[in-house]
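Read the structure below first, then the notes.
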Amino acid sequence: MPPEASSRSSTYLPNICGNTRRVHRTLVLGSALACACTTVRGREETHTIVGHWASSLCRPAATEDGQFDFELEALGDFPPTTDTHESLKAGRELVVPGTTRAAWLTATDDFSSYLGLGTADDAANIDVSLWPSGSFCELSVATSSCAYPAGGKAYAMGVASDGRTLLIAGGDASAEQDVDPTTDVASSAAVIDLATSRTTCLPRDAALQVARAGATITPLGGGLLVAGGYDPSAGNAPVGSAETFDPTTHAFGADPITISARAHHGAVALASNEVLLVGGVDESGPIAEQALAAVAPTSPRYRKTGFAAIEPRIDPVVLRLSDDRVFIAGGTSDLPPSPAVQSLLWLDPTARTVVRTLPALSCDGDETTATVGSAFATMPGGAVLAVGGCTESTDGATQTCDKPCDNGAGCPSSEVFWIDRDGDVTCCGSGRQNCGGPAQDGVAPFVSPELVGGEDGRPWLFDGPSDSRAMQRFNPWTGQFEAPMPTDERGPASLARADAGLFVALDDCGADAPTPCSASVRGFRHGLRGPYSQAVAPLLLADTEGVALDRAPGAPPSPGAVATASWRNPANGQVQITPGSTLLVTDTTYEDVDVVVHVTAGPPPTVHLGSATFGKGSCQWPLTAPQPAFDAELTRRGGSVTLTVKGRARSCPGPSGRVAVSFAGDAPITLESITVTRIGD
């Protein structure tokens, strides 16, 4: 049966559940019901997992009984067992612990497969939206009573911090040469629940209080902030307000927040839950004074002081890195045809201080060129990936190429730059066989590249002319993009990551759009990793799922040579970590956990649980130089961490809260495998 929510479905509790004190979790798949039992002391409750097709536009054409094989996995801070996984045709009960916080669901038949990942709501129910695997799914947004979004451009799009609520707001339909449609589009909004596939189109009288296009939409607390932009019905004047959106009520705040007028700016959610507004233009031109400002979820709502002073930037790229620092790049210092800004900045997590500056983006040893206008995406461990752009001379020399950049000042780049957390750049593109290897001549440059983050430190790239775009996925273990897959995406005008395995693309009606054109929104589910995902155990032996380095890997050293960069031997899966490099378990966080590292050469690694360090300093391994091979085991239970090597153990105070797991060392360490297991109650 196809997954769908049904208010007519009733809960069936089989006799096996009896009168035990358990939480019953029901799976609803159309009219098919399966019961899941779990032990929770002293009470009996019912919770529901509901499957939904992501869109009526990409659901299967036929959904007869028995067409699909469904697989369900319950996720939370407990170890995986055969009881937490259900093959729904097997007809056995699924034991779902009371601490279940998420679930993944797959549906397969002889012709297609669908993937879904959902998280528990406040009532501990879980909605899972099924997306076609490896292809785009168009989302139906406009309704018969609300034709939004339509044939405009400069729509704003963003996803709430829960990865569930997608908001599209405002837009510019001034090409219609009619004031009323222009204002209608600039004041409208649409909401898509990415978990239930429900869409709500909010017409002008129920959406934005202020008409705007080209705004930014950023998570603000549990809601979203629509900030700035320009008013296409009033001469494109920068807008001096921001509006909050509440996903639970599908309503905007009645009173817009007054801010300094700002358009063509960047925005990012800080670790403090404020939204940082970066650069842009006001009524007078580029914003130079107070280029940084912030909107907070509580009073006082707007703050203009206390931030770092940065140079003016129009249309900057602004990213919050995995270590909570803020990265700023790209943009221009003045209105076109002003030259692009070459420098890259790193701010501390509060945006009060510039902690690092890279004067220009270029390969190591190249002081004569700078690449501007690149696409950027975050990578694990505070790193950044940059792709393409325009390579310009820094010494006044003329750049020669078959087709210069649009501004005529340089040549399109074929380079891929891996910028590590320290701001050091390794070049991975231009046909290199590995990062840092020699560039090859005749490599085609990137064409209008766009990047969006993916799971396991593998961003996705859109590249190519508007009529033949292609997608490629970056492999952090080779430093290369994998073979391209074609797509009919025109743009996209904007990309937004919903969770590690799902992103959405908004394709508006810009200059290169066909006529007639109507804006569309599509989703692409490519994986199922999330904070509660069970790590593949053991890691590293067969592939690299679930782990990534925080900087570019090096090529395997020649026999007898000393490795200067971390690298992985694809023949046996062993990884050598060199000093200064970190190996991270990606996209997941943990409460109580057991970590076992099998070391074949070198000392035991340093293990990071969030920002806490174990294996060195005040909490060293009980044996610091055991004879390889050996297992180095770290177990976290509550507020205590125990380190064990060859039967010797040492306990230390542990960190609080959910933490990420990573590994490093002060000397080269060769790891054969890593096993990460959640510990249940």
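Letters for chains follow the order of the structure tokens (A, B, ...), residue numbers begin at 1 for each chain, and ligand numbers begin at 1 in the order shown.
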Q.
To test your reading of the structure, identify every residue in range 328-541 of chain A that backbone DSSP assigns to strand (DSSP E), and report it as a PyMOL selection string.
A. chain A and resi 328-329+344-347+354-358+369-372+375-379+383-387+390-393+410-412+416-419+425-427+450-452+460-463+470-475+480-481+485-486+494-499+502-507+520-525
Please tabulate, as CSV, the residues of range 396-447 of chain A that come within 12 Å of range 313-325 of chain A, each with its closest pair of atoms and the distance in Å to one decimal, counting only C-alpha atoms and ordering rows by chain, then residue number upward.
```
residue,atom,partner,partner_atom,distance
A:Ile419,CA,A:Leu321,CA,11.8
A:Asp420,CA,A:Leu321,CA,11.0
A:Arg421,CA,A:Asp323,CA,8.8
A:Asp422,CA,A:Arg325,CA,11.6
```
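Every protein or nucleic acid residue with an atom no more than 7 Å from Cys137 in chain A, counting only C-alpha atoms and leaving out same-chain residues fewer than 5 positions away, appears here: Cys58, Trp131, Pro132, Arg522, Gly523 and Phe524 of chain A.
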Could you dump the residues just selected with N, CA, C and O atoms as an mmCIF file, in the first residue's frame?
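Heads up, here's the output in again_18.cif:
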```cif
data_model
loop_
_atom_site.group_PDB
_atom_site.id
_atom_site.type_symbol
_atom_site.label_atom_id
_atom_site.label_comp_id
_atom_site.auth_asym_id
_atom_site.auth_seq_id
_atom_site.Cartn_x
_atom_site.Cartn_y
_atom_site.Cartn_z
ATOM 1 N N CYS A 58 5.437 12.910 -8.294
ATOM 2 C CA CYS A 58 6.467 11.891 -8.491
ATOM 3 C C CYS A 58 6.176 10.624 -7.698
ATOM 4 O O CYS A 58 7.087 9.841 -7.435
ATOM 5 N N TRP A 131 10.997 9.932 -1.035
ATOM 6 C CA TRP A 131 11.453 10.607 -2.247
ATOM 7 C C TRP A 131 12.046 9.581 -3.193
ATOM 8 O O TRP A 131 12.702 8.628 -2.753
ATOM 9 N N PRO A 132 11.875 9.768 -4.502
ATOM 10 C CA PRO A 132 12.521 8.848 -5.440
ATOM 11 C C PRO A 132 14.037 8.917 -5.295
ATOM 12 O O PRO A 132 14.615 9.999 -5.259
ATOM 13 N N ARG A 522 11.999 21.731 -6.348
ATOM 14 C CA ARG A 522 12.250 20.298 -6.427
ATOM 15 C C ARG A 522 13.106 19.851 -5.254
ATOM 16 O O ARG A 522 13.906 20.611 -4.733
ATOM 17 N N GLY A 523 12.896 18.591 -4.871
ATOM 18 C CA GLY A 523 13.703 18.001 -3.817
ATOM 19 C C GLY A 523 14.518 16.838 -4.346
ATOM 20 O O GLY A 523 14.138 16.189 -5.330
ATOM 21 N N PHE A 524 15.637 16.569 -3.686
ATOM 22 C CA PHE A 524 16.531 15.487 -4.102
ATOM 23 C C PHE A 524 17.014 14.776 -2.849
ATOM 24 O O PHE A 524 17.817 15.318 -2.083
#
```
Q: Quote the spacing between CA of Leu270 in chain A and CA of Ala351 in chain A in Å to one decimal place.
A: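 Those two atoms sit 8.3 Å apart.
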Q: Can you pull out every residue within 10 Å of Val141 in chain A, counting only C-alpha atoms, but drop anything in the same chain fewer than 4 positions away, and send it as a count of residues only?
A: 17
Q: Counting only C-alpha atoms, figure out which residue out of A:Ser233, A:Thr305, A:Ser611, A:Thr357 gets nearest to Ala329 in chain A.
A: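 Ranking A:Ser233, A:Thr305, A:Ser611, A:Thr357 by distance to Ala329 in chain A, first place goes to A:Thr357.
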Q.
Residues of range 136-209 of chain A classed as helix (DSSP H, G or I) by DSSP on the backbone are to be reported as a ChimeraX atom specification.
A. /A:174-176,179-187,204-206
Could you dump the residues just selected with N, CA, C and O atoms as a PDB file, in the first residue's frame?
```pdb
ATOM      1  N   SER A 174       8.013  42.086 -11.735  1.00  0.00           N
ATOM      2  CA  SER A 174       7.900  43.397 -12.380  1.00  0.00           C
ATOM      3  C   SER A 174       7.994  43.315 -13.891  1.00  0.00           C
ATOM      4  O   SER A 174       7.597  44.247 -14.592  1.00  0.00           O
ATOM      5  N   ALA A 175       8.493  42.184 -14.430  1.00  0.00           N
ATOM      6  CA  ALA A 175       8.554  42.040 -15.877  1.00  0.00           C
ATOM      7  C   ALA A 175       7.169  42.025 -16.501  1.00  0.00           C
ATOM      8  O   ALA A 175       7.020  42.232 -17.703  1.00  0.00           O
ATOM      9  N   GLU A 176       6.150  41.767 -15.688  1.00  0.00           N
ATOM     10  CA  GLU A 176       4.781  41.777 -16.196  1.00  0.00           C
ATOM     11  C   GLU A 176       4.278  43.194 -16.463  1.00  0.00           C
ATOM     12  O   GLU A 176       3.202  43.376 -17.043  1.00  0.00           O
ATOM     13  N   VAL A 179       1.544  46.822 -11.814  1.00  0.00           N
ATOM     14  CA  VAL A 179       1.829  47.073 -10.406  1.00  0.00           C
ATOM     15  C   VAL A 179       1.146  46.056  -9.501  1.00  0.00           C
ATOM     16  O   VAL A 179       1.744  45.551  -8.547  1.00  0.00           O
ATOM     17  N   ASP A 180      -0.121  45.713  -9.786  1.00  0.00           N
ATOM     18  CA  ASP A 180      -0.850  44.809  -8.894  1.00  0.00           C
ATOM     19  C   ASP A 180      -0.240  43.410  -8.849  1.00  0.00           C
ATOM     20  O   ASP A 180       0.017  42.881  -7.755  1.00  0.00           O
ATOM     21  N   PRO A 181       0.014  42.737  -9.994  1.00  0.00           N
ATOM     22  CA  PRO A 181       0.682  41.432  -9.907  1.00  0.00           C
ATOM     23  C   PRO A 181       2.048  41.510  -9.254  1.00  0.00           C
ATOM     24  O   PRO A 181       2.461  40.610  -8.522  1.00  0.00           O
ATOM     25  N   THR A 182       2.773  42.596  -9.502  1.00  0.00           N
ATOM     26  CA  THR A 182       4.089  42.752  -8.889  1.00  0.00           C
ATOM     27  C   THR A 182       3.982  42.770  -7.374  1.00  0.00           C
ATOM     28  O   THR A 182       4.728  42.091  -6.663  1.00  0.00           O
ATOM     29  N   THR A 183       3.041  43.530  -6.843  1.00  0.00           N
ATOM     30  CA  THR A 183       2.849  43.613  -5.393  1.00  0.00           C
ATOM     31  C   THR A 183       2.314  42.300  -4.834  1.00  0.00           C
ATOM     32  O   THR A 183       2.690  41.882  -3.739  1.00  0.00           O
ATOM     33  N   ASP A 184       1.421  41.636  -5.584  1.00  0.00           N
ATOM     34  CA  ASP A 184       0.896  40.353  -5.124  1.00  0.00           C
ATOM     35  C   ASP A 184       2.022  39.348  -4.901  1.00  0.00           C
ATOM     36  O   ASP A 184       2.103  38.713  -3.855  1.00  0.00           O
ATOM     37  N   VAL A 185       2.887  39.190  -5.892  1.00  0.00           N
ATOM     38  CA  VAL A 185       3.983  38.229  -5.780  1.00  0.00           C
ATOM     39  C   VAL A 185       4.938  38.630  -4.663  1.00  0.00           C
ATOM     40  O   VAL A 185       5.369  37.799  -3.860  1.00  0.00           O
ATOM     41  N   ALA A 186       5.265  39.910  -4.566  1.00  0.00           N
ATOM     42  CA  ALA A 186       6.220  40.381  -3.565  1.00  0.00           C
ATOM     43  C   ALA A 186       5.676  40.279  -2.147  1.00  0.00           C
ATOM     44  O   ALA A 186       6.448  40.388  -1.186  1.00  0.00           O
ATOM     45  N   SER A 187       4.368  40.060  -1.987  1.00  0.00           N
ATOM     46  CA  SER A 187       3.763  39.965  -0.659  1.00  0.00           C
ATOM     47  C   SER A 187       3.284  38.558  -0.324  1.00  0.00           C
ATOM     48  O   SER A 187       2.737  38.341   0.756  1.00  0.00           O
ATOM     49  N   ARG A 204      -1.472  37.216  -0.742  1.00  0.00           N
ATOM     50  CA  ARG A 204      -0.986  38.517  -0.286  1.00  0.00           C
ATOM     51  C   ARG A 204      -1.577  38.951   1.047  1.00  0.00           C
ATOM     52  O   ARG A 204      -0.861  39.449   1.914  1.00  0.00           O
ATOM     53  N   ASP A 205      -2.876  38.737   1.279  1.00  0.00           N
ATOM     54  CA  ASP A 205      -3.519  39.234   2.497  1.00  0.00           C
ATOM     55  C   ASP A 205      -3.262  38.341   3.710  1.00  0.00           C
ATOM     56  O   ASP A 205      -3.712  38.657   4.814  1.00  0.00           O
ATOM     57  N   ALA A 206      -2.537  37.224   3.529  1.00  0.00           N
ATOM     58  CA  ALA A 206      -2.271  36.331   4.652  1.00  0.00           C
ATOM     59  C   ALA A 206      -0.795  36.019   4.807  1.00  0.00           C
ATOM     60  O   ALA A 206      -0.434  35.129   5.571  1.00  0.00           O
TER      61      ALA A 206
END
```
Q. What lies within 10 Å of Ala242 in chain A using only C-alpha atoms, ignoring chain neighbours under 5 positions off, as a PyMOL selection string?
A. chain A and resi 208-210+212+215-217+225-229+253+255-262+295+302
Dump N, CA, C and O atoms for the selected residues as a PDB file, in the first residue's frame?
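The resulting file, part37.pdb, is reproduced below:
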```
ATOM      1  N   LEU A 208       3.237  38.088   3.771  1.00  0.00           N
ATOM      2  CA  LEU A 208       4.158  39.130   4.190  1.00  0.00           C
ATOM      3  C   LEU A 208       3.447  40.446   4.461  1.00  0.00           C
ATOM      4  O   LEU A 208       2.528  40.836   3.729  1.00  0.00           O
ATOM      5  N   GLN A 209       3.906  41.140   5.495  1.00  0.00           N
ATOM      6  CA  GLN A 209       3.369  42.471   5.789  1.00  0.00           C
ATOM      7  C   GLN A 209       3.989  43.523   4.875  1.00  0.00           C
ATOM      8  O   GLN A 209       3.380  44.563   4.621  1.00  0.00           O
ATOM      9  N   VAL A 210       5.193  43.240   4.390  1.00  0.00           N
ATOM     10  CA  VAL A 210       5.938  44.193   3.566  1.00  0.00           C
ATOM     11  C   VAL A 210       6.320  43.508   2.261  1.00  0.00           C
ATOM     12  O   VAL A 210       6.890  42.413   2.268  1.00  0.00           O
ATOM     13  N   ARG A 212       8.462  42.461  -0.796  1.00  0.00           N
ATOM     14  CA  ARG A 212       9.916  42.371  -0.910  1.00  0.00           C
ATOM     15  C   ARG A 212      10.286  41.272  -1.903  1.00  0.00           C
ATOM     16  O   ARG A 212       9.546  40.309  -2.114  1.00  0.00           O
ATOM     17  N   ALA A 215      14.966  38.760  -0.723  1.00  0.00           N
ATOM     18  CA  ALA A 215      15.217  38.742   0.715  1.00  0.00           C
ATOM     19  C   ALA A 215      16.064  37.519   1.072  1.00  0.00           C
ATOM     20  O   ALA A 215      16.400  36.694   0.212  1.00  0.00           O
ATOM     21  N   THR A 216      16.420  37.384   2.328  1.00  0.00           N
ATOM     22  CA  THR A 216      17.053  36.174   2.837  1.00  0.00           C
ATOM     23  C   THR A 216      16.095  35.498   3.795  1.00  0.00           C
ATOM     24  O   THR A 216      15.349  36.168   4.527  1.00  0.00           O
ATOM     25  N   ILE A 217      16.080  34.175   3.796  1.00  0.00           N
ATOM     26  CA  ILE A 217      15.279  33.395   4.744  1.00  0.00           C
ATOM     27  C   ILE A 217      16.232  32.510   5.526  1.00  0.00           C
ATOM     28  O   ILE A 217      16.963  31.702   4.943  1.00  0.00           O
ATOM     29  N   LEU A 225      13.279  33.637   9.619  1.00  0.00           N
ATOM     30  CA  LEU A 225      13.337  35.088   9.495  1.00  0.00           C
ATOM     31  C   LEU A 225      13.464  35.451   8.020  1.00  0.00           C
ATOM     32  O   LEU A 225      14.369  34.975   7.335  1.00  0.00           O
ATOM     33  N   VAL A 226      12.559  36.294   7.543  1.00  0.00           N
ATOM     34  CA  VAL A 226      12.631  36.855   6.198  1.00  0.00           C
ATOM     35  C   VAL A 226      13.136  38.283   6.347  1.00  0.00           C
ATOM     36  O   VAL A 226      12.463  39.120   6.957  1.00  0.00           O
ATOM     37  N   ALA A 227      14.325  38.577   5.814  1.00  0.00           N
ATOM     38  CA  ALA A 227      14.973  39.856   6.113  1.00  0.00           C
ATOM     39  C   ALA A 227      15.330  40.614   4.844  1.00  0.00           C
ATOM     40  O   ALA A 227      15.810  40.049   3.860  1.00  0.00           O
ATOM     41  N   GLY A 228      15.106  41.940   4.900  1.00  0.00           N
ATOM     42  CA  GLY A 228      15.582  42.843   3.867  1.00  0.00           C
ATOM     43  C   GLY A 228      15.010  42.551   2.503  1.00  0.00           C
ATOM     44  O   GLY A 228      13.857  42.166   2.338  1.00  0.00           O
ATOM     45  N   GLY A 229      15.851  42.742   1.470  1.00  0.00           N
ATOM     46  CA  GLY A 229      15.414  42.621   0.095  1.00  0.00           C
ATOM     47  C   GLY A 229      15.093  43.986  -0.492  1.00  0.00           C
ATOM     48  O   GLY A 229      15.400  45.024   0.097  1.00  0.00           O
ATOM     49  N   GLY A 253       4.623  37.087  11.856  1.00  0.00           N
ATOM     50  CA  GLY A 253       4.385  37.998  12.960  1.00  0.00           C
ATOM     51  C   GLY A 253       3.638  39.236  12.497  1.00  0.00           C
ATOM     52  O   GLY A 253       3.842  39.731  11.381  1.00  0.00           O
ATOM     53  N   ASP A 255       3.841  42.269  13.532  1.00  0.00           N
ATOM     54  CA  ASP A 255       4.629  43.502  13.505  1.00  0.00           C
ATOM     55  C   ASP A 255       6.022  43.222  12.961  1.00  0.00           C
ATOM     56  O   ASP A 255       6.841  42.574  13.629  1.00  0.00           O
ATOM     57  N   PRO A 256       6.333  43.697  11.758  1.00  0.00           N
ATOM     58  CA  PRO A 256       7.691  43.521  11.225  1.00  0.00           C
ATOM     59  C   PRO A 256       8.728  44.156  12.141  1.00  0.00           C
ATOM     60  O   PRO A 256       8.460  45.127  12.850  1.00  0.00           O
ATOM     61  N   ILE A 257       9.935  43.603  12.122  1.00  0.00           N
ATOM     62  CA  ILE A 257      11.050  44.109  12.918  1.00  0.00           C
ATOM     63  C   ILE A 257      11.770  45.170  12.093  1.00  0.00           C
ATOM     64  O   ILE A 257      12.173  44.917  10.958  1.00  0.00           O
ATOM     65  N   THR A 258      11.925  46.344  12.658  1.00  0.00           N
ATOM     66  CA  THR A 258      12.629  47.421  11.954  1.00  0.00           C
ATOM     67  C   THR A 258      14.132  47.175  11.984  1.00  0.00           C
ATOM     68  O   THR A 258      14.727  46.976  13.047  1.00  0.00           O
ATOM     69  N   ILE A 259      14.744  47.158  10.799  1.00  0.00           N
ATOM     70  CA  ILE A 259      16.196  47.028  10.674  1.00  0.00           C
ATOM     71  C   ILE A 259      16.683  48.123   9.734  1.00  0.00           C
ATOM     72  O   ILE A 259      15.882  48.820   9.103  1.00  0.00           O
ATOM     73  N   SER A 260      17.973  48.283   9.639  1.00  0.00           N
ATOM     74  CA  SER A 260      18.514  49.192   8.631  1.00  0.00           C
ATOM     75  C   SER A 260      18.230  48.610   7.254  1.00  0.00           C
ATOM     76  O   SER A 260      18.358  47.403   7.041  1.00  0.00           O
ATOM     77  N   ALA A 261      17.820  49.456   6.321  1.00  0.00           N
ATOM     78  CA  ALA A 261      17.498  48.991   4.974  1.00  0.00           C
ATOM     79  C   ALA A 261      18.669  48.199   4.402  1.00  0.00           C
ATOM     80  O   ALA A 261      19.828  48.610   4.514  1.00  0.00           O
ATOM     81  N   ARG A 262      18.359  47.044   3.780  1.00  0.00           N
ATOM     82  CA  ARG A 262      19.425  46.171   3.322  1.00  0.00           C
ATOM     83  C   ARG A 262      18.898  45.257   2.213  1.00  0.00           C
ATOM     84  O   ARG A 262      17.876  44.585   2.374  1.00  0.00           O
ATOM     85  N   VAL A 295      19.586  39.934  14.032  1.00  0.00           N
ATOM     86  CA  VAL A 295      18.222  39.877  14.544  1.00  0.00           C
ATOM     87  C   VAL A 295      18.147  38.699  15.502  1.00  0.00           C
ATOM     88  O   VAL A 295      18.630  37.600  15.194  1.00  0.00           O
ATOM     89  N   TYR A 302      16.818  43.685  17.365  1.00  0.00           N
ATOM     90  CA  TYR A 302      17.785  44.119  16.345  1.00  0.00           C
ATOM     91  C   TYR A 302      19.002  44.708  17.025  1.00  0.00           C
ATOM     92  O   TYR A 302      18.890  45.507  17.952  1.00  0.00           O
TER      93      TYR A 302
END
```
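Shortest separation to Leu166 in chain A among A:His526, A:Arg101, A:Lys304, A:His250 occurs at residue A:His250, atoms counted being only C-alpha atoms.
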Kindly provide the residues of range 391-437 of chain A that approach range 550-554 of chain A to within 12 Å, each paired with its closest atom pair and their distance in Å to one decimal, based on only C-alpha atoms, listed by chain and increasing number, as a tab-separated table.
```
residue	atom	partner	partner_atom	distance
A:Val416	CA	A:Ala552	CA	11.1
A:Phe417	CA	A:Ala552	CA	9.4
A:Trp418	CA	A:Ala552	CA	6.4
A:Ile419	CA	A:Arg551	CA	7.3
A:Asp420	CA	A:Arg551	CA	5.1
A:Arg421	CA	A:Asp550	CA	7.3
A:Asp422	CA	A:Arg551	CA	9.5
A:Gly423	CA	A:Arg551	CA	10.2
A:Asp424	CA	A:Arg551	CA	8.9
A:Val425	CA	A:Ala552	CA	8.9
A:Thr426	CA	A:Ala552	CA	6.6
A:Cys427	CA	A:Ala552	CA	8.7
A:Cys428	CA	A:Ala552	CA	8.1
A:Gly429	CA	A:Ala552	CA	11.8
A:Arg432	CA	A:Gly554	CA	11.8
A:Gln433	CA	A:Gly554	CA	10.5
A:Asn434	CA	A:Gly554	CA	7.0
A:Cys435	CA	A:Gly554	CA	6.2
A:Gly436	CA	A:Gly554	CA	7.2
A:Gly437	CA	A:Gly554	CA	8.8
```
Q: Compile the contact shell of Ala542 in chain A as a list of chain:residue names: residues with an atom at most 8 Å away, counting only C-alpha atoms, same-chain residues fewer than 3 positions apart removed.
A: A:Leu539, A:Asn572, A:Gly573
Q: Can you pull out every residue within 9 Å of Thr582 in chain A, counting only C-alpha atoms, but drop anything in the same chain fewer than 2 positions away, and send it as number ranges by chain?
A: A: 381, 548-551, 566, 577-580, 584, 662-665
Could you dump the residues just selected with all heavy atoms as a compact mmCIF listing (two decimals), in the first residue's frame?
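And here's part.txt as it stands now:
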```
# COMPACT_ATOMS: atom_id res chain seq x y z
N GLY A 381 34.61 19.43 9.96
CA GLY A 381 35.76 19.93 10.70
C GLY A 381 36.09 21.38 10.48
O GLY A 381 37.23 21.80 10.67
N ALA A 548 35.04 11.13 7.37
CA ALA A 548 35.69 12.05 6.44
C ALA A 548 36.83 12.75 7.17
O ALA A 548 36.84 12.84 8.41
CB ALA A 548 34.70 13.08 5.90
N LEU A 549 37.79 13.26 6.40
CA LEU A 549 38.88 14.05 6.95
C LEU A 549 38.50 15.53 6.97
O LEU A 549 37.63 15.97 6.22
CB LEU A 549 40.14 13.87 6.10
CG LEU A 549 40.77 12.47 6.13
CD1 LEU A 549 41.82 12.35 5.03
CD2 LEU A 549 41.39 12.19 7.49
N ASP A 550 39.18 16.29 7.81
CA ASP A 550 38.91 17.72 7.89
C ASP A 550 39.77 18.51 6.92
O ASP A 550 39.70 19.74 6.88
CB ASP A 550 39.11 18.23 9.31
CG ASP A 550 40.59 18.26 9.72
OD1 ASP A 550 41.37 17.45 9.18
OD2 ASP A 550 40.95 19.09 10.57
N ARG A 551 40.60 17.84 6.13
CA ARG A 551 41.43 18.50 5.13
C ARG A 551 41.73 17.51 4.02
O ARG A 551 41.48 16.32 4.15
CB ARG A 551 42.71 19.05 5.75
CG ARG A 551 43.60 18.04 6.42
CD ARG A 551 44.60 18.75 7.33
NE ARG A 551 43.92 19.47 8.39
CZ ARG A 551 44.31 20.67 8.86
NH1 ARG A 551 45.38 21.27 8.35
NH2 ARG A 551 43.64 21.26 9.83
N SER A 566 47.39 13.09 5.59
CA SER A 566 46.62 11.88 5.86
C SER A 566 46.18 11.25 4.55
O SER A 566 45.92 11.93 3.56
CB SER A 566 45.40 12.22 6.71
OG SER A 566 45.79 12.72 7.98
N ILE A 577 46.47 8.80 9.79
CA ILE A 577 46.24 10.19 10.20
C ILE A 577 47.59 10.80 10.54
O ILE A 577 48.35 10.24 11.34
CB ILE A 577 45.31 10.27 11.42
CG1 ILE A 577 43.99 9.54 11.15
CG2 ILE A 577 45.03 11.72 11.78
CD1 ILE A 577 43.07 9.52 12.34
N THR A 578 47.88 11.93 9.94
CA THR A 578 49.12 12.64 10.25
C THR A 578 48.84 13.80 11.18
O THR A 578 47.70 14.27 11.27
CB THR A 578 49.78 13.15 8.96
OG1 THR A 578 48.84 13.91 8.22
CG2 THR A 578 50.25 11.99 8.10
N PRO A 579 49.84 14.29 11.92
CA PRO A 579 49.62 15.40 12.85
C PRO A 579 48.99 16.61 12.16
O PRO A 579 49.35 16.97 11.04
CB PRO A 579 51.03 15.71 13.36
CG PRO A 579 51.76 14.41 13.26
CD PRO A 579 51.22 13.76 12.01
N GLY A 580 48.02 17.22 12.83
CA GLY A 580 47.33 18.37 12.29
C GLY A 580 46.05 18.03 11.56
O GLY A 580 45.25 18.91 11.24
N LEU A 584 36.78 12.46 11.18
CA LEU A 584 35.50 12.71 11.84
C LEU A 584 34.46 11.67 11.47
O LEU A 584 34.39 11.23 10.31
CB LEU A 584 34.97 14.10 11.46
CG LEU A 584 35.90 15.29 11.67
CD1 LEU A 584 36.48 15.73 10.33
CD2 LEU A 584 35.16 16.45 12.31
N SER A 662 35.38 12.50 16.89
CA SER A 662 36.46 12.64 15.90
C SER A 662 37.76 12.16 16.51
O SER A 662 37.87 11.95 17.73
CB SER A 662 36.59 14.09 15.42
OG SER A 662 36.89 14.96 16.50
N PHE A 663 38.80 11.99 15.63
CA PHE A 663 40.06 11.38 16.04
C PHE A 663 41.22 12.17 15.46
O PHE A 663 41.16 12.65 14.32
CB PHE A 663 40.14 9.93 15.55
CG PHE A 663 38.94 9.11 15.89
CD1 PHE A 663 37.87 9.04 15.02
CD2 PHE A 663 38.87 8.41 17.08
CE1 PHE A 663 36.74 8.29 15.32
CE2 PHE A 663 37.75 7.66 17.40
CZ PHE A 663 36.69 7.60 16.52
N ALA A 664 42.31 12.29 16.23
CA ALA A 664 43.50 12.99 15.78
C ALA A 664 44.71 12.38 16.48
O ALA A 664 44.58 11.43 17.27
CB ALA A 664 43.39 14.49 16.08
N GLY A 665 45.89 12.91 16.19
CA GLY A 665 47.09 12.40 16.83
C GLY A 665 48.25 13.36 16.69
O GLY A 665 48.30 14.15 15.75
```
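CA of Pro412 in chain A to CA of Gly454 in chain A spans 25.0 Å [interatomic distance, one decimal].
CA of Ser656 in chain A to CA of Val676 in chain A spans 18.4 Å [interatomic distance, one decimal].
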